[in-house]
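Colleague: Next up is a structure, given as structure tokens.
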Amino acid sequence: MPTKPKLGQNFLRDAQAVERIVAGLGDLSGRTVVEIGPGEGAITGALVARAKHVVAVELDHDLALRLRVKFPAEKVTVVEHDVLSFDIAAARAEHATQGERLSLVGNLPYYITSPILFKLAASHAVLDLAVLMVQREVADRITAQPGSHDYSVLSVTTQVYGPVARMFTLPPEAFLPPPDVHSTVFRWRFAPRFAELEIQEVPFLRFVRMAFAQKRKTLSNNLRAAGYAPAHITAALEQAGVPPQARAEALTIDSFAMLSKLLAESDVAAPSAS
Ligand code: SAM
């Protein structure tokens, strides 16, 4: 069957990589796993042998049909659906045992990587652990630490939902057809830090986007451009122990949290930037 490049169909052909991806999810006995974009079922096949149940979300009608033939319905529920509008919480209610949080795996369709990551972050309450394959450069940004050139909005907005760790990288030849890029697998454990840092999810994420708005500008200038009063910025930076000329890419998540709280508490109305 011809592949559909528009749907990011680059099928994994490396059996060892499949084993490493599934091993990254840990002990799956008794667990329910959601797979994003199962394609021809390379990863699904390895999951079936280990997990209690697999919910495989595939947009492509022909592939969904083939998956239903290939795997027994009592082990694999094939959902023909766009993952971006797929109801993860409903899948958990239907398939998982009481109180179980879902494992998640996917060699992602790269054209919608960021929307998928944001969707997963928003679904953190029902998720336990994800092992995901993305374009190498995206994994660089997701796993980057403060001070690194790759540290960005994506680093902070994924890591605030829980620790991320790179697993391994594959060359284009590991796929059929080979993509133009290298691919990296990373692990993401969902353990959001909002309560511990005493911050609220939505305002914090908005603050981080403002802080990184223009990467070449200092943090202070980005916050001014967002509408905060210069005197309050200076005071907040000093109180948080952040140098006045610092750029957003130097700040830890803890520092972002402290600054966002200090500025929210300042007597100037926080900007309503979207
Ligand atoms: N997991 C398979 C593998 O590793 O060989 C296939 C991975 S392939 C990179 C991405 C898969 O995601 C394709 O099967 C594609 O049809 C599917 N896909 C693309 N867009 C999707 C969407 N919006 N929702 C669900 N699946 C999608």
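By convention in this document, the chains of the structure tokens carry letters A, B, ... by their order, each chain's residues are numbered from 1, and ligands are numbered from 1 in the order they are shown.
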List the spatial neighbours of range 130-145 of chain A as a ChimeraX atom specification - criterion: any atom at most 7 Å away, only C-alpha atoms, same-chain residues fewer than 5 positions off excluded.
Modeller: /A:21,24-25,103-108,110,150-152,154-155,158,164-166,181-189
Colleague: How would the residues just chosen look if you wrote them out with N, CA, C and O atoms as a compact mmCIF listing (two decimals), in the first residue's frame?
Modeller:
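Final file, selection-v9.txt:
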# COMPACT_ATOMS: atom_id res chain seq x y z
N ILE A 21 11.83 0.97 22.64
CA ILE A 21 10.72 1.90 22.88
C ILE A 21 9.76 1.28 23.91
O ILE A 21 9.39 1.92 24.90
N GLY A 24 11.02 1.03 27.35
CA GLY A 24 11.04 2.33 28.00
C GLY A 24 9.78 2.61 28.82
O GLY A 24 9.78 3.47 29.69
N LEU A 25 8.71 1.87 28.51
CA LEU A 25 7.46 2.05 29.26
C LEU A 25 7.46 1.27 30.57
O LEU A 25 6.52 1.37 31.37
N SER A 103 -0.45 4.58 30.16
CA SER A 103 0.84 4.69 29.51
C SER A 103 0.57 5.13 28.08
O SER A 103 -0.48 4.82 27.52
N LEU A 104 1.54 5.81 27.50
CA LEU A 104 1.33 6.34 26.16
C LEU A 104 2.58 6.15 25.32
O LEU A 104 3.70 6.34 25.83
N VAL A 105 2.40 5.77 24.06
CA VAL A 105 3.57 5.57 23.20
C VAL A 105 3.24 6.06 21.80
O VAL A 105 2.08 6.06 21.40
N GLY A 106 4.26 6.50 21.07
CA GLY A 106 3.99 6.90 19.69
C GLY A 106 5.24 7.32 18.95
O GLY A 106 6.08 8.04 19.48
N ASN A 107 5.34 6.80 17.74
CA ASN A 107 6.27 7.36 16.76
C ASN A 107 5.41 8.42 16.08
O ASN A 107 4.62 8.11 15.20
N LEU A 108 5.54 9.65 16.53
CA LEU A 108 4.54 10.68 16.20
C LEU A 108 4.57 11.10 14.73
O LEU A 108 5.64 11.12 14.12
N TYR A 110 5.17 13.78 12.54
CA TYR A 110 5.95 14.96 12.91
C TYR A 110 5.29 16.30 12.57
O TYR A 110 5.59 17.31 13.17
N ASP A 150 19.28 25.45 22.98
CA ASP A 150 17.99 24.84 22.64
C ASP A 150 16.91 25.07 23.68
O ASP A 150 15.76 24.70 23.47
N TYR A 151 17.28 25.62 24.83
CA TYR A 151 16.31 25.84 25.91
C TYR A 151 15.30 26.89 25.47
O TYR A 151 15.68 28.01 25.10
N SER A 152 14.02 26.55 25.49
CA SER A 152 13.00 27.38 24.86
C SER A 152 11.65 27.20 25.54
O SER A 152 11.54 26.46 26.52
N LEU A 154 9.31 25.42 24.54
CA LEU A 154 8.95 23.99 24.52
C LEU A 154 9.61 23.24 25.69
O LEU A 154 8.99 22.35 26.28
N SER A 155 10.85 23.60 26.03
CA SER A 155 11.54 22.93 27.16
C SER A 155 10.76 23.16 28.45
O SER A 155 10.48 22.22 29.19
N THR A 158 7.09 21.65 28.54
CA THR A 158 6.99 20.19 28.72
C THR A 158 7.52 19.81 30.11
O THR A 158 6.87 19.07 30.85
N VAL A 164 11.70 14.85 31.72
CA VAL A 164 11.88 14.26 30.39
C VAL A 164 13.31 13.71 30.31
O VAL A 164 14.21 14.25 30.95
N ALA A 165 13.48 12.65 29.54
CA ALA A 165 14.83 12.08 29.38
C ALA A 165 14.98 11.51 27.98
O ALA A 165 14.10 10.76 27.51
N ARG A 166 16.06 11.85 27.33
CA ARG A 166 16.34 11.30 25.99
C ARG A 166 16.64 9.83 26.13
O ARG A 166 17.33 9.43 27.07
N VAL A 181 14.98 13.51 8.17
CA VAL A 181 15.58 13.92 9.45
C VAL A 181 15.92 12.71 10.32
O VAL A 181 15.44 11.61 10.07
N HIS A 182 16.78 12.94 11.33
CA HIS A 182 17.00 11.94 12.36
C HIS A 182 15.83 11.99 13.35
O HIS A 182 15.16 13.03 13.47
N SER A 183 15.64 10.91 14.07
CA SER A 183 14.52 10.82 15.01
C SER A 183 15.05 10.44 16.39
O SER A 183 15.96 9.61 16.49
N THR A 184 14.46 11.03 17.42
CA THR A 184 14.92 10.74 18.79
C THR A 184 13.73 10.32 19.65
O THR A 184 12.66 10.91 19.57
N VAL A 185 13.99 9.29 20.45
CA VAL A 185 12.97 8.80 21.38
C VAL A 185 13.27 9.38 22.76
O VAL A 185 14.42 9.39 23.19
N PHE A 186 12.22 9.89 23.40
CA PHE A 186 12.40 10.39 24.77
C PHE A 186 11.27 9.90 25.66
O PHE A 186 10.21 9.48 25.18
N ARG A 187 11.53 9.93 26.95
CA ARG A 187 10.56 9.48 27.95
C ARG A 187 10.07 10.70 28.73
O ARG A 187 10.86 11.59 29.05
N TRP A 188 8.77 10.73 29.02
CA TRP A 188 8.18 11.86 29.72
C TRP A 188 7.29 11.32 30.83
O TRP A 188 6.28 10.67 30.53
N ARG A 189 7.68 11.55 32.06
CA ARG A 189 6.86 11.08 33.18
C ARG A 189 5.98 12.23 33.66
O ARG A 189 6.48 13.32 33.92
Colleague: Residues at most 10 Å from Ile253 in chain A, counting only C-alpha atoms, excluding those fewer than 6 positions away in the same chain, as a ChimeraX atom specification?
Modeller: /A:145-146,155-157,159-160,193,197,208,259
Colleague: Around ligand 1, at most 8 Å away and counting only C-alpha atoms and all ligand atoms, which residues are there? Put them as a PyMOL selection string, please.
Modeller: chain A and resi 4+6-13+18+35-44+57-60+63+80-84+106-112+175
Colleague: As a PyMOL selection string, which residues of range 125-211 of chain A does DSSP assign to alpha helix (DSSP H)?
Modeller: chain A and resi 136-143+153-159+194-197+201-211
Colleague: Select from range 28-207 of chain A everything DSSP, run on the backbone, classes as strand (DSSP E), then give the selection as a count of residues only.
Modeller: 47
Colleague: Which is closest to Gly26 in chain A among A:Ala174, A:Arg50, A:Leu262, A:Ala248, if we use only C-alpha atoms?
Modeller: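 Result for the nearest residue to Gly26 in chain A: A:Arg50.
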Colleague: Which value, in Å to one decimal, gives the distance between CA of Glu100 in chain A and CA of Ala195 in chain A?
Modeller: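 So the two atoms, CA of Glu100 in chain A and CA of Ala195 in chain A, lie 21.2 Å apart.
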Colleague: Rank nothing, just name the residue among A:Val22, A:Met258, A:Leu129, A:Leu47 nearest to Gln200 in chain A, using only C-alpha atoms.
Modeller: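 For Gln200 in chain A, the nearest of the candidates is A:Met258.
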Colleague: Just want the 10 Å neighbourhood of Asp180 in chain A, counted on only C-alpha atoms, with same-chain residues fewer than 4 positions away dropped. Output as a list in words.
Modeller: Gln135, Pro171, Pro172 and Glu173 of chain A
Colleague: Please list as a ChimeraX atom specification every residue within 10 Å of Ala96 in chain A, counting only C-alpha atoms and excluding residues in the same chain fewer than 4 positions away.
Modeller: /A:30-33,52-54,89-92,100-102
Colleague: Distance CA of Gly99 in chain A-CA of Asp87 in chain A, one decimal place?
Modeller: 17.2 Å
Colleague: Which distance in Å separates CA of Lys70 in chain A and CA of Pro179 in chain A, to one decimal?
Modeller: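 If I compute the distance from CA of Lys70 in chain A to CA of Pro179 in chain A, I get 25.5 Å.
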Colleague: Find, counting only C-alpha atoms, the residue in A:Ala264, A:Ala93, A:Ala23, A:Leu120 that gets nearest to Met167 in chain A.
Modeller: A:Ala23
Colleague: Please determine, counting only C-alpha atoms, which residue among A:Leu237, A:Leu263, A:Leu219, A:Ala257 has the shortest atom-to-atom distance to Glu198 in chain A.
Modeller: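 Among the listed residues, the smallest separation from Glu198 in chain A belongs to A:Ala257.
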